Amino acid sequence: MLYGIAAATAALLLTAVLAAAFRLPARRAGILDRRRQRPLPLLGGLAVVIVTCLVAGTGEWTRVAPLGEGVGRLLTAAAAVAGLGLVADVWRLRARVLVTGTAVAAVCVVPYDETGVPGGLLAIGWIVLATLAFKGLDHADGLAGTVGVVTAFGAGACAAAEVMDGLAVLLSVVAAALTGFLMHNWHPARVGLGACGSLFTGFVLSSAVVFTRAGYDIGPSAAVVFCLGAVAVADALLVVLARGVARRPLLRRGPDHLAHRLRRLGLAPQGSVVLLGTGAFSSVLVGVLVHTGWTGDSAVLWVAGGVAFAVLVLLLIPAPQGRRPPSTQVSGHLRVRNG
């Protein structure tokens, strides 16, 4: 427990310092995002990845808090996915490259001896979808970090209930690192998560949930993983439906996400993040209670109903008219990316 507290504290402070230090190099290299027409350095996610791997790796190397073979492999695969995301932040990468890379990493971490082949294939699909859906949350200041912290604590509680100490330590480090990152990412953000940090975080969280549910029946497991990823799922579903109804290309970026539509309802940027963070906390809490047996599987229906209601209501909010807003991704020498 003492090491867990020390590791979390170190991760929080180191990430806060490193994220601030990466701002200037990101600006000079042109690794930028645009948030409401202001440039935003994107290497904050790299700080989260480096600190998480460093702190968790130190615990494994010293054997003070060994991760275990499966969790160590998970962290290695997540770092590889983060590397792919860093390439996407610097240069243009097609979506299928990110999907393929994430799928290959997922294949390497699923515990097939506990899930079986059919369950393993479903787990791979979920990890890929959840990782990319979490990446979509990085469309507003503070949103991905807030949802990531809440989900990491929930997944860590599930891991602790299964006596997976190594996984619980890793998730506590991720939560602390994201908290340090949020010191610079709350509106108005001074540094962004980027594809590097969002893919890493989404991969770790979705894989961790798969680890904690390995060996359980597929139906209840699907209910738990849905609850722990409900906000990201709602955001992805809203984007797919909105662009489908408007007959716009699915991969063309635009103001279709949750926070965008809440802003059009009159909420302030901070207010929309707090509201979505509260929704994430509620759904994650239900998932943890179902996993630990404190409530029945039917509680998941409330989460599913809430997601469906929110998506349908927000879908009715008209998108802004006029010319299409510029892509929010800008890389090397301020080159606009539409991917």
# chains A, B, ... in the order shown; residues from 1 in each chain; ligands from 1
$ closest_atom_pairs --of "stretch 168-230 of chain A" --to "stretch 69-86 of chain A" --cutoff "7 Å" --atoms "only C-alpha atoms" --output "Markdown table"
| residue | atom | partner | partner_atom | distance |
| --- | --- | --- | --- | --- |
| A:Ala195 | CA | A:Gly85 | CA | 4.6 |
| A:Cys196 | CA | A:Gly85 | CA | 3.9 |
| A:Gly197 | CA | A:Ala82 | CA | 6.4 |
| A:Leu199 | CA | A:Ala82 | CA | 6.0 |
| A:Phe200 | CA | A:Ala82 | CA | 4.9 |
| A:Phe203 | CA | A:Ala78 | CA | 6.0 |
| A:Val204 | CA | A:Ala78 | CA | 6.2 |
$ residues_around --residues "A:Ala232" --least-positions-apart "2" --cutoff "7 Å" --atoms "only C-alpha atoms" --output "number ranges by chain"
A: 133-134, 137, 229-230, 234-236
$ write_last_selection --atoms "N, CA, C and O atoms" --output "PDB file, in the first residue's frame"
ATOM      1  N   ALA A 133     -12.634   4.580 -29.528  1.00  0.00           N
ATOM      2  CA  ALA A 133     -13.698   5.426 -28.987  1.00  0.00           C
ATOM      3  C   ALA A 133     -13.142   6.381 -27.935  1.00  0.00           C
ATOM      4  O   ALA A 133     -13.540   7.554 -27.873  1.00  0.00           O
ATOM      5  N   PHE A 134     -12.209   5.893 -27.116  1.00  0.00           N
ATOM      6  CA  PHE A 134     -11.605   6.776 -26.114  1.00  0.00           C
ATOM      7  C   PHE A 134     -10.797   7.873 -26.791  1.00  0.00           C
ATOM      8  O   PHE A 134     -10.786   9.019 -26.324  1.00  0.00           O
ATOM      9  N   LEU A 137     -12.711  10.909 -27.461  1.00  0.00           N
ATOM     10  CA  LEU A 137     -13.041  11.810 -26.356  1.00  0.00           C
ATOM     11  C   LEU A 137     -12.078  12.988 -26.263  1.00  0.00           C
ATOM     12  O   LEU A 137     -12.352  13.959 -25.554  1.00  0.00           O
ATOM     13  N   GLY A 229     -17.101   1.693 -20.097  1.00  0.00           N
ATOM     14  CA  GLY A 229     -16.785   2.493 -21.284  1.00  0.00           C
ATOM     15  C   GLY A 229     -17.977   3.233 -21.835  1.00  0.00           C
ATOM     16  O   GLY A 229     -17.982   3.610 -23.018  1.00  0.00           O
ATOM     17  N   ALA A 230     -18.994   3.482 -21.006  1.00  0.00           N
ATOM     18  CA  ALA A 230     -20.269   4.002 -21.495  1.00  0.00           C
ATOM     19  C   ALA A 230     -20.149   5.376 -22.146  1.00  0.00           C
ATOM     20  O   ALA A 230     -20.767   5.637 -23.186  1.00  0.00           O
ATOM     21  N   ALA A 234     -21.028   6.166 -25.945  1.00  0.00           N
ATOM     22  CA  ALA A 234     -22.060   7.147 -26.294  1.00  0.00           C
ATOM     23  C   ALA A 234     -21.524   8.174 -27.278  1.00  0.00           C
ATOM     24  O   ALA A 234     -22.210   8.553 -28.236  1.00  0.00           O
ATOM     25  N   ASP A 235     -20.296   8.629 -27.058  1.00  0.00           N
ATOM     26  CA  ASP A 235     -19.703   9.616 -27.959  1.00  0.00           C
ATOM     27  C   ASP A 235     -19.529   9.041 -29.358  1.00  0.00           C
ATOM     28  O   ASP A 235     -19.873   9.688 -30.358  1.00  0.00           O
ATOM     29  N   ALA A 236     -18.996   7.819 -29.447  1.00  0.00           N
ATOM     30  CA  ALA A 236     -18.789   7.191 -30.752  1.00  0.00           C
ATOM     31  C   ALA A 236     -20.118   6.942 -31.460  1.00  0.00           C
ATOM     32  O   ALA A 236     -20.243   7.174 -32.674  1.00  0.00           O
TER      33      ALA A 236
END
$ residues_around --residues "A:Thr292" --least-positions-apart "4" --cutoff "12 Å" --atoms "only C-alpha atoms" --output "count of residues only"
20
$ closest_residue --among "A:Val284, A:Leu315, A:Leu178, A:Val90" --to "A:Gly45" --atoms "only C-alpha atoms"
A:Leu178
$ closest_residue --among "A:Gly44, A:Gly279, A:Gly166, A:Gly4" --to "A:Trp302" --atoms "only C-alpha atoms"
A:Gly279
$ closest_residue --among "A:Leu258, A:Leu13, A:Ala246, A:Val240" --to "A:His139" --atoms "only C-alpha atoms"
A:Leu258
$ closest_residue --among "A:Tyr112, A:Phe22, A:Phe309, A:Phe181" --to "A:Val48" --atoms "only C-alpha atoms"
A:Phe181
$ decode --residues "stretch 167-224 of chain A" --atoms "C-alpha atoms" --output "compact mmCIF listing (two decimals), in the first residue's frame"
# COMPACT_ATOMS: atom_id res chain seq x y z
CA LEU A 167 -2.93 -4.62 -12.51
CA ALA A 168 -4.39 -2.52 -9.68
CA VAL A 169 -1.03 -0.78 -9.21
CA LEU A 170 -0.73 -0.07 -12.94
CA LEU A 171 -4.21 1.44 -13.04
CA SER A 172 -3.51 3.61 -9.99
CA VAL A 173 -0.38 4.91 -11.73
CA VAL A 174 -2.38 5.65 -14.90
CA ALA A 175 -5.00 7.52 -12.86
CA ALA A 176 -2.31 9.56 -11.09
CA ALA A 177 -0.48 10.35 -14.34
CA LEU A 178 -3.72 11.54 -15.95
CA THR A 179 -4.41 13.70 -12.90
CA GLY A 180 -1.01 15.35 -13.30
CA PHE A 181 -1.75 15.86 -16.98
CA LEU A 182 -5.12 17.45 -16.16
CA MET A 183 -3.31 20.21 -14.28
CA HIS A 184 -2.37 21.54 -17.72
CA ASN A 185 -5.37 20.29 -19.72
CA TRP A 186 -8.30 21.87 -17.89
CA HIS A 187 -9.97 24.63 -19.90
CA PRO A 188 -8.26 26.60 -21.30
CA ALA A 189 -5.82 23.76 -21.95
CA ARG A 190 -2.10 24.46 -22.27
CA VAL A 191 -1.20 20.97 -23.50
CA GLY A 192 -3.21 18.17 -25.14
CA LEU A 193 -3.31 14.40 -24.87
CA GLY A 194 -3.03 13.66 -28.58
CA ALA A 195 -3.33 10.28 -30.25
CA CYS A 196 -0.27 9.06 -28.34
CA GLY A 197 -1.82 9.54 -24.91
CA SER A 198 -5.43 8.80 -25.82
CA LEU A 199 -4.65 5.51 -27.58
CA PHE A 200 -2.37 4.45 -24.73
CA THR A 201 -4.95 5.24 -22.07
CA GLY A 202 -7.84 3.66 -23.97
CA PHE A 203 -5.81 0.52 -24.64
CA VAL A 204 -4.70 0.11 -21.02
CA LEU A 205 -8.21 0.66 -19.64
CA SER A 206 -10.04 -1.60 -22.09
CA SER A 207 -7.44 -4.37 -21.76
CA ALA A 208 -7.51 -4.11 -17.97
CA VAL A 209 -11.27 -4.63 -17.94
CA VAL A 210 -10.86 -7.68 -20.18
CA PHE A 211 -8.28 -9.08 -17.72
CA THR A 212 -10.58 -8.62 -14.74
CA ARG A 213 -13.52 -10.29 -16.51
CA ALA A 214 -11.57 -13.19 -18.03
CA GLY A 215 -13.13 -16.46 -16.93
CA TYR A 216 -16.60 -15.01 -16.35
CA ASP A 217 -19.60 -15.61 -18.60
CA ILE A 218 -19.69 -13.47 -21.72
CA GLY A 219 -23.09 -11.89 -21.02
CA PRO A 220 -22.32 -10.41 -17.57
CA SER A 221 -18.81 -9.50 -18.76
CA ALA A 222 -20.24 -7.55 -21.68
CA ALA A 223 -22.46 -5.68 -19.24
CA VAL A 224 -19.52 -4.69 -17.04
